[in-house]
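Undergrad: My structure file protein.cif, mmCIF, C-alpha atoms, is below:
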```
data_coords
loop_
_atom_site.label_atom_id
_atom_site.label_comp_id
_atom_site.auth_asym_id
_atom_site.auth_seq_id
_atom_site.Cartn_x
_atom_site.Cartn_y
_atom_site.Cartn_z
CA MET A 1 206.20 6.47 -86.93
CA ARG A 2 205.24 7.35 -83.35
CA ALA A 3 206.12 11.01 -83.82
CA ARG A 4 204.28 11.07 -87.10
CA LEU A 5 201.14 9.63 -85.52
CA SER A 6 201.14 12.38 -82.92
CA ASP A 7 201.70 15.06 -85.58
CA ILE A 8 198.81 13.77 -87.67
CA ALA A 9 196.55 13.43 -84.61
CA LEU A 10 197.33 17.00 -83.56
CA ARG A 11 196.67 18.33 -87.04
CA ALA A 12 193.40 16.39 -87.44
CA ARG A 13 192.33 17.00 -83.82
CA VAL A 14 191.67 13.33 -83.21
CA SER A 15 193.32 10.64 -81.09
CA GLU A 16 196.39 8.72 -82.19
CA ALA A 17 194.30 5.55 -82.02
CA THR A 18 191.92 7.02 -84.58
CA VAL A 19 194.84 7.94 -86.84
CA SER A 20 196.13 4.38 -86.57
CA ARG A 21 192.75 2.94 -87.50
CA VAL A 22 192.54 5.18 -90.57
CA LEU A 23 196.09 4.41 -91.73
CA ASN A 24 195.47 0.69 -91.32
CA ASP A 25 192.08 0.94 -93.05
CA LYS A 26 190.25 -0.45 -90.02
CA PRO A 27 186.50 -0.05 -89.43
CA GLY A 28 184.96 2.11 -86.71
CA VAL A 29 185.84 5.53 -88.16
CA SER A 30 183.25 7.84 -89.70
CA PRO A 31 183.78 8.93 -93.35
CA ASP A 32 184.18 12.58 -92.27
CA THR A 33 186.83 11.71 -89.68
CA ARG A 34 188.63 9.49 -92.17
CA GLU A 35 188.76 12.36 -94.69
CA THR A 36 190.00 14.76 -91.98
CA VAL A 37 192.87 12.41 -91.09
CA LEU A 38 193.82 11.91 -94.75
CA ALA A 39 193.72 15.67 -95.33
CA ALA A 40 196.06 16.13 -92.35
CA LEU A 41 198.38 13.53 -93.83
CA ASP A 42 198.45 15.43 -97.13
CA ALA A 43 198.94 18.79 -95.42
CA LEU A 44 201.98 17.47 -93.54
CA GLY A 45 203.52 16.18 -96.75
CA LEU A 46 203.32 12.55 -95.66
CA GLU A 47 202.65 9.85 -98.21
CA ARG A 48 199.36 7.98 -97.96
CA PRO A 49 199.53 4.20 -97.66
CA SER A 50 199.05 2.76 -101.14
CA ARG A 51 195.62 1.30 -100.34
CA LEU A 52 194.38 4.75 -99.30
CA ARG A 53 195.65 6.74 -102.27
CA ARG A 54 192.95 8.48 -104.21
CA ARG A 55 192.70 7.15 -107.73
CA SER A 56 193.02 9.84 -110.33
CA ALA A 57 189.80 10.40 -112.22
CA GLY A 58 191.90 11.69 -115.11
CA LEU A 59 193.93 14.63 -116.35
CA VAL A 60 192.42 18.07 -116.91
CA GLY A 61 194.18 20.82 -118.83
CA LEU A 62 194.36 24.29 -117.29
CA VAL A 63 195.46 26.95 -119.79
CA VAL A 64 196.29 30.35 -118.26
CA PRO A 65 198.11 33.49 -119.46
CA GLU A 66 201.56 34.46 -118.21
CA LEU A 67 201.81 34.56 -114.43
CA GLY A 68 203.22 38.10 -114.18
CA ASN A 69 199.81 39.43 -113.20
CA PRO A 70 199.22 38.00 -109.70
CA ILE A 71 195.53 37.36 -110.40
CA PHE A 72 196.43 34.50 -112.79
CA PRO A 73 198.47 32.44 -110.28
CA GLU A 74 195.54 32.93 -107.90
CA PHE A 75 193.12 31.54 -110.50
CA ALA A 76 195.50 28.67 -111.31
CA GLN A 77 195.99 27.68 -107.68
CA THR A 78 192.30 27.86 -106.82
CA ILE A 79 191.18 25.88 -109.88
CA GLU A 80 193.94 23.29 -109.36
CA SER A 81 192.84 22.81 -105.75
CA ALA A 82 189.18 22.44 -106.74
CA LEU A 83 190.09 19.89 -109.43
CA ALA A 84 192.24 17.87 -107.01
CA GLN A 85 189.38 17.75 -104.52
CA ARG A 86 187.24 16.17 -107.21
CA GLY A 87 189.95 13.59 -107.94
CA TYR A 88 191.29 15.13 -111.15
CA THR A 89 194.95 15.85 -111.85
CA PRO A 90 195.47 19.34 -113.32
CA VAL A 91 198.02 19.91 -116.08
CA LEU A 92 199.03 23.58 -115.91
CA CYS A 93 199.84 25.26 -119.24
CA THR A 94 201.23 28.78 -118.86
CA GLN A 95 201.51 31.06 -121.88
CA THR A 96 204.41 33.48 -122.18
CA PRO A 97 205.19 35.95 -124.96
CA GLY A 98 207.03 34.07 -127.70
CA GLY A 99 206.46 30.75 -125.93
CA VAL A 100 204.06 27.87 -126.51
CA THR A 101 200.75 29.13 -127.92
CA GLU A 102 197.27 28.22 -126.70
CA ASP A 103 196.67 26.07 -129.80
CA GLU A 104 199.97 24.24 -129.28
CA TYR A 105 199.08 23.56 -125.67
CA VAL A 106 195.72 22.16 -126.75
CA GLU A 107 197.46 19.71 -129.10
CA ILE A 108 199.74 18.60 -126.26
CA LEU A 109 196.75 18.14 -123.96
CA LEU A 110 194.85 16.15 -126.59
CA ASP A 111 197.88 13.88 -126.97
CA ARG A 112 197.76 13.35 -123.20
CA GLN A 113 194.09 12.36 -123.59
CA VAL A 114 192.87 14.86 -121.01
CA SER A 115 189.29 14.55 -119.77
CA GLY A 116 188.63 18.26 -120.32
CA ILE A 117 190.19 21.73 -120.47
CA VAL A 118 189.65 24.96 -118.51
CA PHE A 119 190.71 28.12 -120.37
CA VAL A 120 191.35 31.26 -118.29
CA SER A 121 191.45 34.61 -120.14
CA GLY A 122 192.38 32.83 -123.35
CA LEU A 123 191.71 33.65 -126.99
CA HIS A 124 187.98 33.42 -126.23
CA ALA A 125 188.35 36.82 -124.50
CA ASP A 126 189.54 38.41 -127.76
CA ALA A 127 186.42 39.63 -129.55
CA THR A 128 188.34 39.85 -132.85
CA GLY A 129 189.85 36.36 -132.62
CA ASP A 130 189.01 33.15 -134.46
CA HIS A 131 186.87 31.11 -132.09
CA GLU A 132 186.49 28.15 -134.42
CA ARG A 133 189.21 26.40 -132.36
CA TYR A 134 186.74 26.03 -129.48
CA ARG A 135 183.94 24.81 -131.74
CA ARG A 136 186.26 22.04 -132.96
CA LEU A 137 186.86 20.92 -129.37
CA VAL A 138 183.13 20.90 -128.64
CA HIS A 139 182.51 18.99 -131.90
CA ARG A 140 184.90 16.24 -130.78
CA GLU A 141 182.93 16.15 -127.50
CA LEU A 142 185.80 17.30 -125.30
CA PRO A 143 184.36 19.10 -122.24
CA ILE A 144 185.64 22.67 -121.94
CA VAL A 145 184.89 25.61 -119.65
CA LEU A 146 185.93 29.17 -120.49
CA VAL A 147 186.72 31.69 -117.75
CA ASN A 148 186.82 35.49 -118.26
CA GLY A 149 185.45 35.84 -121.77
CA TYR A 150 182.43 34.87 -123.84
CA VAL A 151 181.83 33.55 -127.36
CA ASP A 152 178.28 33.99 -128.61
CA GLY A 153 176.72 30.75 -129.85
CA LEU A 154 179.44 28.43 -128.50
CA PRO A 155 177.75 25.53 -126.65
CA ALA A 156 179.92 25.51 -123.52
CA PRO A 157 179.77 26.85 -119.95
CA PHE A 158 181.32 30.31 -119.39
CA VAL A 159 182.31 31.77 -116.03
CA SER A 160 183.00 35.52 -115.82
CA PRO A 161 183.10 38.38 -113.36
CA ASP A 162 180.52 41.08 -114.07
CA GLU A 163 182.93 43.56 -115.66
CA GLN A 164 180.22 46.14 -116.28
CA ALA A 165 179.23 46.07 -112.62
CA ALA A 166 182.91 46.37 -111.62
CA ALA A 167 183.24 49.71 -113.43
CA GLU A 168 179.91 50.93 -112.07
CA ILE A 169 180.95 50.03 -108.50
CA ALA A 170 184.24 51.96 -108.84
CA VAL A 171 182.59 55.06 -110.32
CA ALA A 172 179.83 55.04 -107.71
CA TYR A 173 182.38 54.83 -104.91
CA LEU A 174 184.50 57.69 -106.25
CA THR A 175 181.44 59.90 -106.64
CA THR A 176 180.52 59.32 -102.99
CA LEU A 177 183.96 60.75 -102.16
CA GLY A 178 183.10 63.90 -104.10
CA HIS A 179 185.00 63.16 -107.31
CA ARG A 180 183.37 64.62 -110.41
CA ARG A 181 186.19 64.35 -112.94
CA ILE A 182 186.77 60.59 -113.14
CA GLY A 183 188.77 58.75 -115.80
CA LEU A 184 189.12 55.14 -116.91
CA ILE A 185 192.36 53.46 -117.95
CA ASN A 186 192.09 50.04 -119.55
CA GLY A 187 193.72 47.56 -121.91
CA PRO A 188 193.08 47.17 -125.65
CA ASP A 189 189.39 47.29 -126.57
CA ARG A 190 189.55 44.16 -128.72
CA PHE A 191 189.06 42.22 -125.48
CA LEU A 192 185.46 41.59 -124.48
CA PRO A 193 186.05 42.23 -120.74
CA VAL A 194 187.52 45.64 -121.64
CA ARG A 195 184.50 46.49 -123.80
CA ARG A 196 182.17 45.53 -120.98
CA ARG A 197 184.09 47.65 -118.48
CA ILE A 198 184.01 50.64 -120.83
CA ALA A 199 180.23 50.19 -121.20
CA GLY A 200 179.83 50.06 -117.42
CA PHE A 201 182.00 53.15 -116.97
CA ARG A 202 180.05 55.13 -119.58
CA ALA A 203 176.71 54.09 -118.08
CA ALA A 204 177.78 54.99 -114.55
CA MET A 205 179.21 58.36 -115.59
CA ARG A 206 176.03 59.24 -117.48
CA THR A 207 173.71 58.10 -114.71
CA THR A 208 175.66 59.48 -111.76
CA LEU A 209 177.28 62.62 -113.16
CA GLY A 210 175.54 63.28 -116.48
CA VAL A 211 178.91 63.04 -118.24
CA ASP A 212 179.76 61.29 -121.53
CA ASP A 213 183.27 62.31 -122.54
CA ASP A 214 185.67 60.19 -124.60
CA GLU A 215 188.54 62.27 -123.21
CA LEU A 216 188.03 60.47 -119.89
CA ILE A 217 188.79 57.03 -121.34
CA SER A 218 192.44 56.17 -121.99
CA LEU A 219 193.41 52.77 -123.42
CA SER A 220 196.87 51.25 -123.40
CA LEU A 221 198.56 47.89 -122.83
CA PHE A 222 197.81 45.92 -119.68
CA GLY A 223 200.54 46.12 -117.05
CA VAL A 224 202.34 48.75 -114.99
CA GLU A 225 203.90 50.53 -117.97
CA GLY A 226 200.60 50.64 -119.85
CA GLY A 227 198.87 52.05 -116.80
CA GLU A 228 201.49 54.75 -116.46
CA ALA A 229 201.21 55.77 -120.12
CA ALA A 230 197.40 55.86 -120.04
CA THR A 231 197.38 57.92 -116.84
CA HIS A 232 199.50 60.72 -118.32
CA ARG A 233 196.66 61.51 -120.72
CA LEU A 234 194.01 61.51 -117.98
CA LEU A 235 196.03 63.75 -115.67
CA ASP A 236 196.39 66.19 -118.58
CA ALA A 237 192.58 66.13 -118.73
CA GLY A 238 192.35 67.12 -115.06
CA VAL A 239 190.90 63.97 -113.47
CA THR A 240 190.91 63.57 -109.68
CA GLY A 241 189.86 59.90 -109.67
CA ILE A 242 191.03 57.00 -111.85
CA VAL A 243 189.29 53.65 -112.41
CA CYS A 244 191.78 51.05 -113.64
CA GLY A 245 191.44 47.89 -115.74
CA SER A 246 193.78 45.90 -113.50
CA ASP A 247 195.71 46.23 -110.26
CA LEU A 248 198.98 46.40 -112.20
CA MET A 249 197.64 49.28 -114.30
CA ALA A 250 196.67 50.99 -111.02
CA LEU A 251 200.26 50.72 -109.80
CA GLY A 252 201.30 52.39 -113.05
CA ALA A 253 198.73 55.14 -112.43
CA ILE A 254 200.20 55.79 -108.98
CA ARG A 255 203.71 55.93 -110.44
CA SER A 256 202.55 58.39 -113.13
CA ALA A 257 200.93 60.69 -110.56
CA ARG A 258 203.99 60.67 -108.33
CA ARG A 259 206.30 61.53 -111.21
CA ARG A 260 204.26 64.71 -111.58
CA GLY A 261 204.69 65.49 -107.90
CA MET A 262 201.09 64.53 -107.13
CA ARG A 263 200.08 62.66 -103.99
CA VAL A 264 197.91 59.55 -103.90
CA PRO A 265 195.23 59.83 -102.60
CA ALA A 266 195.44 63.52 -101.54
CA ASP A 267 195.57 64.82 -105.14
CA VAL A 268 194.26 61.85 -107.13
CA SER A 269 192.42 58.68 -106.04
CA VAL A 270 193.13 55.36 -107.75
CA VAL A 271 190.92 52.24 -107.86
CA GLY A 272 192.37 48.98 -109.17
CA TYR A 273 190.68 45.85 -110.46
CA ASP A 274 191.34 42.13 -109.84
CA GLY A 275 191.84 42.13 -106.08
CA SER A 276 195.10 40.25 -105.71
CA PRO A 277 195.90 39.84 -101.99
CA LEU A 278 199.31 41.42 -102.71
CA MET A 279 197.61 44.80 -103.23
CA ALA A 280 197.12 45.12 -99.47
CA PHE A 281 200.90 45.65 -99.21
CA THR A 282 201.50 48.27 -101.89
CA ASP A 283 202.25 51.93 -101.12
CA PRO A 284 199.61 53.08 -100.51
CA PRO A 285 197.55 49.89 -100.02
CA LEU A 286 195.33 49.76 -103.11
CA THR A 287 191.58 50.22 -103.16
CA THR A 288 190.39 47.70 -105.71
CA VAL A 289 187.39 45.85 -107.11
CA ARG A 290 188.01 42.19 -106.37
CA GLN A 291 187.16 39.37 -108.76
CA PRO A 292 185.37 36.58 -106.86
CA VAL A 293 188.12 34.10 -107.78
CA GLU A 294 187.17 31.28 -105.43
CA ALA A 295 183.48 31.27 -106.36
CA MET A 296 184.35 31.42 -110.05
CA ALA A 297 186.92 28.61 -109.76
CA VAL A 298 184.50 26.33 -107.91
CA ALA A 299 181.77 27.02 -110.49
CA ALA A 300 184.14 26.37 -113.40
CA VAL A 301 185.33 23.06 -111.97
CA ARG A 302 181.83 21.96 -111.07
CA ALA A 303 180.63 22.70 -114.61
CA LEU A 304 183.59 20.86 -116.17
CA VAL A 305 183.26 17.79 -113.96
CA ASP A 306 179.51 17.66 -114.66
CA GLU A 307 180.30 17.72 -118.38
CA ILE A 308 182.96 15.01 -118.01
CA GLU A 309 180.62 12.80 -115.98
CA GLY A 310 177.83 13.06 -118.52
CA HIS A 311 175.64 15.61 -116.75
CA PRO A 312 176.01 18.61 -119.07
CA ALA A 313 176.03 22.00 -117.36
CA PRO A 314 173.88 24.75 -118.90
CA HIS A 315 175.68 26.21 -121.90
CA SER A 316 175.42 29.80 -120.77
CA GLU A 317 177.48 32.47 -119.03
CA TYR A 318 177.60 32.56 -115.25
CA LEU A 319 178.28 36.14 -114.09
CA PHE A 320 179.77 36.73 -110.64
CA ARG A 321 179.49 40.13 -108.97
CA PRO A 322 182.83 41.63 -107.90
CA GLU A 323 183.40 43.29 -104.53
CA LEU A 324 184.81 46.70 -103.60
CA VAL A 325 187.79 46.51 -101.24
CA VAL A 326 188.50 49.96 -99.75
CA ARG A 327 192.08 50.74 -98.74
CA SER A 328 194.27 53.85 -98.73
CA SER A 329 194.66 54.79 -102.41
CA THR A 330 191.32 56.65 -102.40
CA ALA A 331 190.15 59.67 -100.39
CA ILE A 332 187.67 62.54 -100.43
CA ALA A 333 188.24 64.71 -103.50
CA ASN A 334 190.55 67.69 -103.07
CA THR A 335 188.48 70.55 -104.48
CA HIS A 336 191.07 73.26 -103.79
#
```
Can the structure in the file be given as structure tokens, please?
TA:
Amino acid sequence: MRARLSDIALRARVSEATVSRVLNDKPGVSPDTRETVLAALDALGLERPSRLRRRSAGLVGLVVPELGNPIFPEFAQTIESALAQRGYTPVLCTQTPGGVTEDEYVEILLDRQVSGIVFVSGLHADATGDHERYRRLVHRELPIVLVNGYVDGLPAPFVSPDEQAAAEIAVAYLTTLGHRRIGLINGPDRFLPVRRRIAGFRAAMRTTLGVDDDELISLSLFGVEGGEAATHRLLDAGVTGIVCGSDLMALGAIRSARRRGMRVPADVSVVGYDGSPLMAFTDPPLTTVRQPVEAMAVAAVRALVDEIEGHPAPHSEYLFRPELVVRSSTAIANTH
């Protein structure tokens, strides 16, 4: 135990005597110092003494799409961490094609008597979907929070990035680089975030360049392959800059350009969307519009916990402004 005491003391930046007092639940230690020592214990993978273990405030379901897109593991990890800090135990439910559906997961979570559910980019994002499933949950007074999507008239908190602003930010940036022929690739337009991004793109193109051309919008499936397919059509239309609906679609756009012998960014600039940290290591490192994942996760958890604890959060949509991250996939337009 001696070595462990020194490890914990070093991690918490306190004396070994202080660590000993905390572990033995002795007085004379401030609450902040006590929490710092316990956090160090957790970080080192050491088990807390039974009398110091945090009691679980209950289970909370976290329903996310497949984890192939790196933005979803980032959301899951950040929300899980925020829930744990509030004393709740997250139950992660990951959807995969042909696997357990969102509705099936909800039944499992209800059987587990969860205190609430956070849905990330679920069926609530599908503007053509049946949203009665969420109304039934609200009717049975189960607290829910919905991230990345909005259902009009549903009395629940919503947390979303400002998709319209994201497209406007990307277009504005490309125009400052001298691009005048700018295209948008995106996923299927049955999804509300896609519709919002298209609206932002159209508005920015009209305002900045006086252009309103359907030929500059190319929709496909989300993912690398979808991005590649959508980009073929835009390159045929002569674009020099491409705004993408996700980082993975942007990687597909780069692949499409290279297969034509074009250079990124010398011949065509590409802007992604989501802002996964992995995009700093692509070739070239990807300019992207980053979703404010941490701020959104904290807001979602705060709203859910307020609902669980009987202090209902406002039943409205909280919009978070995304941030442009400039890297090497964009450059001044080649006008030659």
Undergrad: How would you write as a ChimeraX atom specification the residues that get within 10 Å of (182.9, 26.8, -111.2) in the file's frame, counting all atoms listed in the file?
TA: /A:79,82,145,147,157-160,293-305,318
Undergrad: With the PyMOL selection byres ((chain A and resi 215) around 12) as the selection, what would be picked from this file? Answer as a list in words, please.
TA: Arg181, Ile182, Gly183, Leu184, Ile185, Arg202, Val211, Asp212, Asp213, Asp214, Leu216, Ile217, Ser218, Leu219, Ala230, Thr231, Arg233, Leu234, Leu235, Asp236, Ala237, Gly238 and Val239 of chain A
Undergrad: Please indicate the distance in Å from CA of Ala253 (chain A) to CA of Val270 (chain A), rounded to one decimal place.
TA: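 So the two atoms, CA of Ala253 (chain A) and CA of Val270 (chain A), lie 7.3 Å apart.
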Undergrad: My list of candidates is A:His179, A:Arg133, A:Arg11, A:Arg258. Which is closest to Leu38 (chain A) when distances are computed with only C-alpha atoms?
TA: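 Smallest separation from Leu38 (chain A) among the options: A:Arg11.
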Undergrad: Near Glu168 (chain A), within 9 Å and counting all atoms listed in the file, which residues show up once chain neighbours fewer than 6 positions away are dropped, as a PyMOL selection string?
TA: chain A and resi 197+200-205
Undergrad: Run the PyMOL selection byres ((chain A and resi 16) around 12) on the file and write out the hits as a list of chain:residue names.
TA: A:Met1, A:Arg2, A:Ala3, A:Arg4, A:Leu5, A:Ser6, A:Asp7, A:Ile8, A:Ala9, A:Leu10, A:Arg11, A:Ala12, A:Arg13, A:Val14, A:Ser15, A:Ala17, A:Thr18, A:Val19, A:Ser20, A:Arg21, A:Val22, A:Leu23, A:Val37
Undergrad: For a test of reading the model, state the distance in Å between CA of Gly61 (chain A) and CA of Val289 (chain A), rounded to one decimal.
TA: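 Calculated distance between CA of Gly61 (chain A) and CA of Val289 (chain A) is 28.5 Å.
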Undergrad: For region 115-147 of chain A, write N, CA and C atoms out as a CSV table (one decimal), in the first residue's frame.
TA:
```
chain,number,residue,atom,x,y,z
A,115,SER,N,-33.5,5.8,-15.3
A,115,SER,CA,-34.1,7.0,-14.8
A,115,SER,C,-34.4,8.0,-16.0
A,116,GLY,N,-33.7,7.8,-17.1
A,116,GLY,CA,-34.0,8.6,-18.3
A,116,GLY,C,-33.2,8.1,-19.5
A,117,ILE,N,-33.3,8.7,-20.7
A,117,ILE,CA,-32.7,8.3,-21.9
A,117,ILE,C,-32.2,9.5,-22.6
A,118,VAL,N,-30.9,9.4,-23.1
A,118,VAL,CA,-30.4,10.4,-24.1
A,118,VAL,C,-30.3,9.8,-25.5
A,119,PHE,N,-30.9,10.4,-26.4
A,119,PHE,CA,-30.9,9.9,-27.8
A,119,PHE,C,-30.0,10.8,-28.6
A,120,VAL,N,-29.0,10.2,-29.3
A,120,VAL,CA,-28.1,11.0,-30.1
A,120,VAL,C,-28.3,10.6,-31.6
A,121,SER,N,-28.7,11.6,-32.4
A,121,SER,CA,-28.9,11.4,-33.9
A,121,SER,C,-29.8,10.2,-34.1
A,122,GLY,N,-30.9,10.1,-33.4
A,122,GLY,CA,-31.8,8.9,-33.5
A,122,GLY,C,-32.9,9.2,-34.5
A,123,LEU,N,-34.0,8.5,-34.4
A,123,LEU,CA,-35.1,8.6,-35.3
A,123,LEU,C,-35.7,10.0,-35.2
A,124,HIS,N,-35.5,10.8,-34.2
A,124,HIS,CA,-36.0,12.1,-34.1
A,124,HIS,C,-35.3,13.0,-35.1
A,125,ALA,N,-34.2,12.6,-35.7
A,125,ALA,CA,-33.5,13.4,-36.7
A,125,ALA,C,-34.1,13.2,-38.1
A,126,ASP,N,-34.9,12.2,-38.2
A,126,ASP,CA,-35.6,11.8,-39.5
A,126,ASP,C,-36.9,12.6,-39.6
A,127,ALA,N,-36.9,13.6,-40.5
A,127,ALA,CA,-38.1,14.4,-40.6
A,127,ALA,C,-39.3,13.7,-41.1
A,128,THR,N,-39.1,12.5,-41.7
A,128,THR,CA,-40.2,11.7,-42.3
A,128,THR,C,-40.6,10.6,-41.3
A,129,GLY,N,-40.0,10.5,-40.2
A,129,GLY,CA,-40.2,9.3,-39.3
A,129,GLY,C,-41.4,9.5,-38.4
A,130,ASP,N,-41.8,8.4,-37.7
A,130,ASP,CA,-42.9,8.5,-36.8
A,130,ASP,C,-42.3,8.8,-35.4
A,131,HIS,N,-42.7,10.0,-34.9
A,131,HIS,CA,-42.1,10.5,-33.7
A,131,HIS,C,-43.1,10.2,-32.5
A,132,GLU,N,-44.1,9.5,-32.7
A,132,GLU,CA,-45.0,9.1,-31.6
A,132,GLU,C,-44.3,8.4,-30.5
A,133,ARG,N,-43.3,7.6,-30.9
A,133,ARG,CA,-42.5,6.8,-29.9
A,133,ARG,C,-42.0,7.7,-28.8
A,134,TYR,N,-41.6,8.9,-29.1
A,134,TYR,CA,-41.0,9.8,-28.1
A,134,TYR,C,-42.2,10.4,-27.3
A,135,ARG,N,-43.3,10.7,-27.9
A,135,ARG,CA,-44.5,11.2,-27.2
A,135,ARG,C,-44.9,10.2,-26.1
A,136,ARG,N,-44.8,8.9,-26.5
A,136,ARG,CA,-45.2,7.9,-25.5
A,136,ARG,C,-44.3,7.9,-24.3
A,137,LEU,N,-43.0,8.1,-24.5
A,137,LEU,CA,-42.1,8.1,-23.4
A,137,LEU,C,-42.4,9.3,-22.5
A,138,VAL,N,-42.6,10.5,-23.1
A,138,VAL,CA,-42.9,11.7,-22.4
A,138,VAL,C,-44.2,11.5,-21.6
A,139,HIS,N,-45.2,10.8,-22.2
A,139,HIS,CA,-46.5,10.6,-21.6
A,139,HIS,C,-46.3,9.7,-20.3
A,140,ARG,N,-45.4,8.8,-20.3
A,140,ARG,CA,-45.2,7.9,-19.2
A,140,ARG,C,-44.2,8.6,-18.2
A,141,GLU,N,-43.9,9.9,-18.5
A,141,GLU,CA,-43.1,10.7,-17.6
A,141,GLU,C,-41.7,10.2,-17.4
A,142,LEU,N,-41.1,9.6,-18.5
A,142,LEU,CA,-39.7,9.2,-18.5
A,142,LEU,C,-38.9,10.4,-19.1
A,143,PRO,N,-38.0,11.0,-18.3
A,143,PRO,CA,-37.2,12.1,-18.8
A,143,PRO,C,-36.3,11.6,-20.0
A,144,ILE,N,-36.4,12.4,-21.1
A,144,ILE,CA,-35.6,12.2,-22.3
A,144,ILE,C,-35.0,13.5,-22.8
A,145,VAL,N,-33.8,13.4,-23.4
A,145,VAL,CA,-33.2,14.5,-24.1
A,145,VAL,C,-32.8,14.0,-25.4
A,146,LEU,N,-33.0,14.9,-26.5
A,146,LEU,CA,-32.7,14.5,-27.8
A,146,LEU,C,-31.6,15.4,-28.4
A,147,VAL,N,-30.5,14.7,-28.9
A,147,VAL,CA,-29.4,15.4,-29.4
A,147,VAL,C,-29.3,15.3,-30.9
```
